[in-house]
file structure15.tsv (TSV, C-alpha atoms and all ligand atoms)
chain	number	residue	atom	x	y	z
W	1	MET	CA	0.00	0.00	0.00
W	2	ALA	CA	2.20	2.75	-1.33
W	3	LEU	CA	-0.38	5.37	-0.34
W	4	PHE	CA	0.62	5.10	3.29
W	5	ARG	CA	4.35	5.23	2.70
W	6	PRO	CA	6.20	8.43	3.55
W	7	LYS	CA	9.03	9.46	1.24
W	8	GLU	CA	11.24	10.22	4.24
W	9	ILE	CA	11.13	9.67	7.99
W	10	ILE	CA	12.73	12.06	10.45
W	11	ASN	CA	12.97	12.11	14.23
W	12	THR	CA	11.88	15.69	14.74
W	13	TYR	CA	11.03	18.62	12.51
W	14	THR	CA	14.37	20.38	12.96
W	15	ASP	CA	16.04	17.34	11.33
W	16	LEU	CA	14.48	18.37	8.02
W	17	ASP	CA	17.25	18.82	5.45
W	18	ILE	CA	16.09	22.22	4.21
W	19	GLU	CA	19.02	22.96	1.91
W	20	ARG	CA	18.98	19.57	0.18
W	21	LEU	CA	15.22	19.64	-0.35
W	22	ARG	CA	15.44	23.15	-1.80
W	23	LYS	CA	18.21	22.01	-4.16
W	24	GLU	CA	16.02	19.10	-5.22
W	25	GLY	CA	13.52	21.64	-6.52
W	26	PHE	CA	10.89	21.81	-3.78
W	27	ASP	CA	9.61	25.34	-3.25
W	28	THR	CA	6.68	24.89	-0.86
W	29	ILE	CA	6.06	23.12	2.43
W	30	PHE	CA	2.80	22.34	4.19
W	31	ILE	CA	3.31	21.87	7.91
W	32	ASP	CA	0.98	20.14	10.34
W	33	VAL	CA	0.67	21.72	13.80
W	34	ASP	CA	-0.38	19.33	16.55
W	35	ASN	CA	2.41	16.98	17.62
W	36	THR	CA	4.46	17.91	14.54
W	37	ILE	CA	5.67	21.39	15.46
W	38	ALA	CA	3.74	22.05	18.69
W	39	ILE	CA	2.33	20.18	21.68
W	40	PRO	CA	-1.21	19.01	20.72
W	41	ASN	CA	-3.98	21.56	21.25
W	42	THR	CA	-2.06	23.86	23.57
W	43	GLY	CA	1.44	24.45	22.18
W	44	THR	CA	2.29	27.76	20.60
W	45	CYS	CA	5.00	28.59	18.10
W	46	ASP	CA	8.00	28.58	20.42
W	47	GLU	CA	11.47	29.92	19.60
W	48	ARG	CA	12.59	26.66	18.02
W	49	ALA	CA	9.52	26.46	15.80
W	50	GLU	CA	9.76	30.11	14.86
W	51	LYS	CA	13.40	29.69	13.86
W	52	PHE	CA	12.44	26.66	11.78
W	53	LEU	CA	9.77	28.64	9.92
W	54	ASN	CA	12.22	31.48	9.33
W	55	ASP	CA	14.94	29.10	8.10
W	56	LEU	CA	12.48	27.67	5.59
W	57	LYS	CA	11.47	31.12	4.37
W	58	GLU	CA	15.10	32.22	4.10
W	59	ALA	CA	15.87	29.13	2.01
W	60	GLY	CA	13.12	30.23	-0.38
W	61	PHE	CA	10.26	28.01	0.73
W	62	LYS	CA	6.66	29.13	0.75
W	63	VAL	CA	5.23	27.90	4.03
W	64	VAL	CA	1.60	26.98	4.62
W	65	ILE	CA	0.36	25.67	7.95
W	66	LEU	CA	-2.05	22.81	7.19
W	67	SER	CA	-4.10	21.70	10.17
W	68	ASN	CA	-7.22	19.64	10.74
W	69	ASN	CA	-7.77	21.69	13.86
W	70	ASN	CA	-9.91	24.84	13.81
W	71	SER	CA	-8.79	28.37	13.03
W	72	LYS	CA	-8.86	29.37	16.70
W	73	ARG	CA	-6.28	26.68	17.44
W	74	VAL	CA	-4.09	27.58	14.46
W	75	LYS	CA	-4.20	31.28	15.34
W	76	MET	CA	-3.30	30.41	18.92
W	77	PHE	CA	-0.30	28.46	17.61
W	78	LEU	CA	0.83	31.25	15.33
W	79	ARG	CA	0.34	34.01	17.96
W	80	ASP	CA	1.31	37.13	16.02
W	81	ILE	CA	3.44	35.31	13.43
W	82	ASP	CA	2.45	36.12	9.89
W	83	ALA	CA	1.92	32.86	7.99
W	84	ASP	CA	-0.44	31.38	5.46
W	85	TYR	CA	-2.59	28.64	6.89
W	86	VAL	CA	-5.43	26.28	6.11
W	87	SER	CA	-7.49	25.17	9.11
W	88	LEU	CA	-10.15	22.43	9.19
W	89	ALA	CA	-8.15	20.93	6.34
W	90	LEU	CA	-9.94	17.53	6.51
W	91	LYS	CA	-6.70	15.64	5.83
W	92	PRO	CA	-6.36	13.11	4.23
W	93	LEU	CA	-9.01	14.44	1.84
W	94	PRO	CA	-7.56	16.58	-0.97
W	95	PHE	CA	-9.53	19.80	-0.33
W	96	GLY	CA	-7.22	21.36	2.24
W	97	TYR	CA	-4.14	20.46	0.21
W	98	ILE	CA	-5.70	22.09	-2.84
W	99	ARG	CA	-6.49	25.20	-0.82
W	100	GLY	CA	-2.85	25.21	0.28
W	101	LEU	CA	-1.67	24.85	-3.31
W	102	ILE	CA	-3.85	27.77	-4.36
W	103	LYS	CA	-2.42	29.88	-1.53
W	104	SER	CA	1.17	29.01	-2.41
W	105	GLY	CA	0.72	29.02	-6.18
W	106	SER	CA	2.85	25.89	-6.32
W	107	LYS	CA	2.45	22.40	-7.75
W	108	PRO	CA	2.09	19.11	-5.86
W	109	SER	CA	5.37	17.86	-7.36
W	110	LYS	CA	7.21	20.79	-5.73
W	111	THR	CA	5.41	20.62	-2.40
W	112	ILE	CA	6.54	18.89	0.76
W	113	VAL	CA	4.05	17.84	3.42
W	114	LEU	CA	5.48	17.49	6.92
W	115	GLY	CA	3.39	15.72	9.53
W	116	ASP	CA	3.26	13.19	12.36
W	117	GLN	CA	0.41	11.00	11.10
W	118	LEU	CA	0.33	8.43	8.32
W	119	LEU	CA	-3.47	8.38	8.23
W	120	THR	CA	-3.89	12.10	7.67
W	121	ASP	CA	-0.74	14.01	6.66
W	122	ILE	CA	1.06	11.32	4.66
W	123	LEU	CA	-1.94	9.59	3.10
W	124	GLY	CA	-3.26	12.96	1.89
W	125	ALA	CA	0.17	13.95	0.57
W	126	ASN	CA	0.35	10.76	-1.48
W	127	ILE	CA	-3.22	11.14	-2.76
W	128	CYS	CA	-2.37	14.65	-3.96
W	129	GLY	CA	1.05	13.84	-5.38
W	130	CYS	CA	2.96	15.84	-2.78
W	131	TYR	CA	6.19	14.70	-1.09
W	132	GLY	CA	5.22	13.41	2.35
W	133	ILE	CA	7.78	13.52	5.13
W	134	TYR	CA	6.84	11.76	8.34
W	135	THR	CA	8.19	13.17	11.57
W	136	LYS	CA	7.95	11.31	14.84
W	137	ARG	CA	5.48	12.96	17.16
W	138	LEU	CA	6.76	15.48	19.70
W	139	GLN	CA	5.10	13.76	22.65
W	140	LYS	CA	3.53	10.36	23.27
W	141	LYS	CA	0.21	11.79	24.38
W	142	ASP	CA	-2.25	12.51	21.57
W	143	SER	CA	-5.76	13.94	21.48
W	144	LYS	CA	-8.55	11.32	21.75
W	145	LEU	CA	-9.27	11.01	18.05
W	146	THR	CA	-5.60	10.92	17.18
W	147	ALA	CA	-5.02	8.25	19.83
W	148	PHE	CA	-7.54	6.09	17.99
W	149	ASN	CA	-5.91	6.80	14.62
W	150	ARG	CA	-2.56	5.98	16.16
W	151	ARG	CA	-3.68	2.39	16.82
W	152	ILE	CA	-4.51	2.03	13.14
W	153	GLU	CA	-1.23	3.69	12.25
W	154	ASP	CA	0.71	1.21	14.38
W	155	PHE	CA	-1.06	-1.58	12.53
W	156	VAL	CA	-0.11	-0.02	9.17
W	157	TRP	CA	3.54	0.33	10.16
W	158	ARG	CA	3.72	-3.29	11.31
W	159	ASN	CA	1.55	-5.12	8.81
W	160	ILE	CA	1.50	-3.02	5.65
W	161	LEU	CA	4.72	-1.03	5.56
W	162	HIS	CA	6.69	-3.64	7.54
W	163	GLU	CA	8.75	-1.03	9.24
W	164	LYS	CA	9.54	-0.33	12.85
W	165	VAL	CA	9.28	3.38	13.58
V	201	MG	MG	-0.47	16.12	13.92
call {"tool": "encode", "arguments": {"input": "structure15.tsv", "output": "structure tokens"}}
result
Amino acid sequence: MALFRPKEIINTYTDLDIERLRKEGFDTIFIDVDNTIAIPNTGTCDERAEKFLNDLKEAGFKVVILSNNNSKRVKMFLRDIDADYVSLALKPLPFGYIRGLIKSGSKPSKTIVLGDQLLTDILGANICGCYGIYTKRLQKKDSKLTAFNRRIEDFVWRNILHEKV
């Protein structure tokens, strides 16, 4: 089931090889919020995350925050940071990704999707022809719905992708 398979796996978002990916021709990145770049539901864009976003912009990436959470949550994460975002993205369905592509003016083949869930971030990236990079979650504890998805995800890793992550 290639649809579940991320193109790359990293331990945490700051391990993203920004320079290499830029050289490879990617010009846009969609970034998930909860448990990818912030603590689920409560974390704001801390210094480390802000530096990461700035490093991406300096390298020439267009950055779009792509979250299934609501706009209140995304705005709380961003605080006063100016960034494009799509909330209630309904990942893995294509609509939010398409909204992100319209915002960035980029193409799927030049767009990276960074997220901590196979069932939403990565599946949707593959459906849309984007380059999905899976990052291990920031903390073990997930929201209730995500905790349920995580059981399915563990099954997918073990029995479909045959990888230990
Ligand atoms: Mg997430």
call {"tool": "residues_near_ligand", "arguments": {"input": "structure15.tsv", "ligand": "ligand MG 201 (chain V)", "cutoff": "9 Å", "atoms": "all atoms listed in the file", "output": "list in words"}}
result
Asp32, Val33, Asp34, Asn35, Thr36, Ile37, Ala38, Pro40, Ser67, Asn68, Gly115, Asp116, Gln117, Thr120, Asp121, Arg137, Asp142 and Thr146 of chain W
call {"tool": "write_last_selection", "arguments": {"input": "structure15.tsv", "atoms": "C-alpha atoms", "output": "short mmCIF file (atom, residue, chain, number, x, y, z; two decimals), in the frame of the given file"}}
result
data_model
loop_
_atom_site.label_atom_id
_atom_site.label_comp_id
_atom_site.auth_asym_id
_atom_site.auth_seq_id
_atom_site.Cartn_x
_atom_site.Cartn_y
_atom_site.Cartn_z
CA ASP W 32 0.98 20.14 10.34
CA VAL W 33 0.67 21.72 13.80
CA ASP W 34 -0.38 19.33 16.55
CA ASN W 35 2.41 16.98 17.62
CA THR W 36 4.46 17.91 14.54
CA ILE W 37 5.67 21.39 15.46
CA ALA W 38 3.74 22.05 18.69
CA PRO W 40 -1.21 19.01 20.72
CA SER W 67 -4.10 21.70 10.17
CA ASN W 68 -7.22 19.64 10.74
CA GLY W 115 3.39 15.72 9.53
CA ASP W 116 3.26 13.19 12.36
CA GLN W 117 0.41 11.00 11.10
CA THR W 120 -3.89 12.10 7.67
CA ASP W 121 -0.74 14.01 6.66
CA ARG W 137 5.48 12.96 17.16
CA ASP W 142 -2.25 12.51 21.57
CA THR W 146 -5.60 10.92 17.18
#
call {"tool": "residues_around", "arguments": {"input": "structure15.tsv", "residues": "Asp55 of chain W", "least_positions_apart": "3", "cutoff": "12 Å", "atoms": "only C-alpha atoms", "output": "list in words"}}
result
Thr14, Leu16, Asp17, Ile18, Glu19, Arg22, Arg48, Ala49, Glu50, Lys51, Phe52, Glu58, Ala59, Gly60, Phe61, Lys62 and Val63 of chain W
call {"tool": "atom_distance", "arguments": {"input": "structure15.tsv", "atom1": "atom CA of Arg79 of chain W", "atom2": "atom CA of Lys136 of chain W"}}
result
24.1 Å
call {"tool": "residues_around", "arguments": {"input": "structure15.tsv", "residues": "segment 87-99 of chain W", "least_positions_apart": "2", "cutoff": "8 Å", "atoms": "only C-alpha atoms", "output": "ChimeraX atom specification"}}
result
/W:65-71,74,85,101-103,119-125,127-128
call {"tool": "residues_near_point", "arguments": {"input": "structure15.tsv", "point": "(4.7, 17.3, 5.3)", "cutoff": "7 Å", "atoms": "only C-alpha atoms", "output": "MDAnalysis selection string"}}
result
chainID W and resid 29:32 112:115 121 132:134
call {"tool": "closest_residue", "arguments": {"input": "structure15.tsv", "among": "W:Leu3, W:Leu145, W:Gln139, W:Ile9", "to": "Glu163 of chain W", "atoms": "only C-alpha atoms"}}
result
W:Ile9
call {"tool": "atom_distance", "arguments": {"input": "structure15.tsv", "atom1": "atom CA of Gly129 of chain W", "atom2": "atom CA of Glu24 of chain W"}}
result
15.9 Å
call {"tool": "closest_residue", "arguments": {"input": "structure15.tsv", "among": "W:Phe4, W:Asp15, W:Ser143, W:Thr28", "to": "Thr42 of chain W", "atoms": "all atoms listed in the file"}}
result
W:Ser143
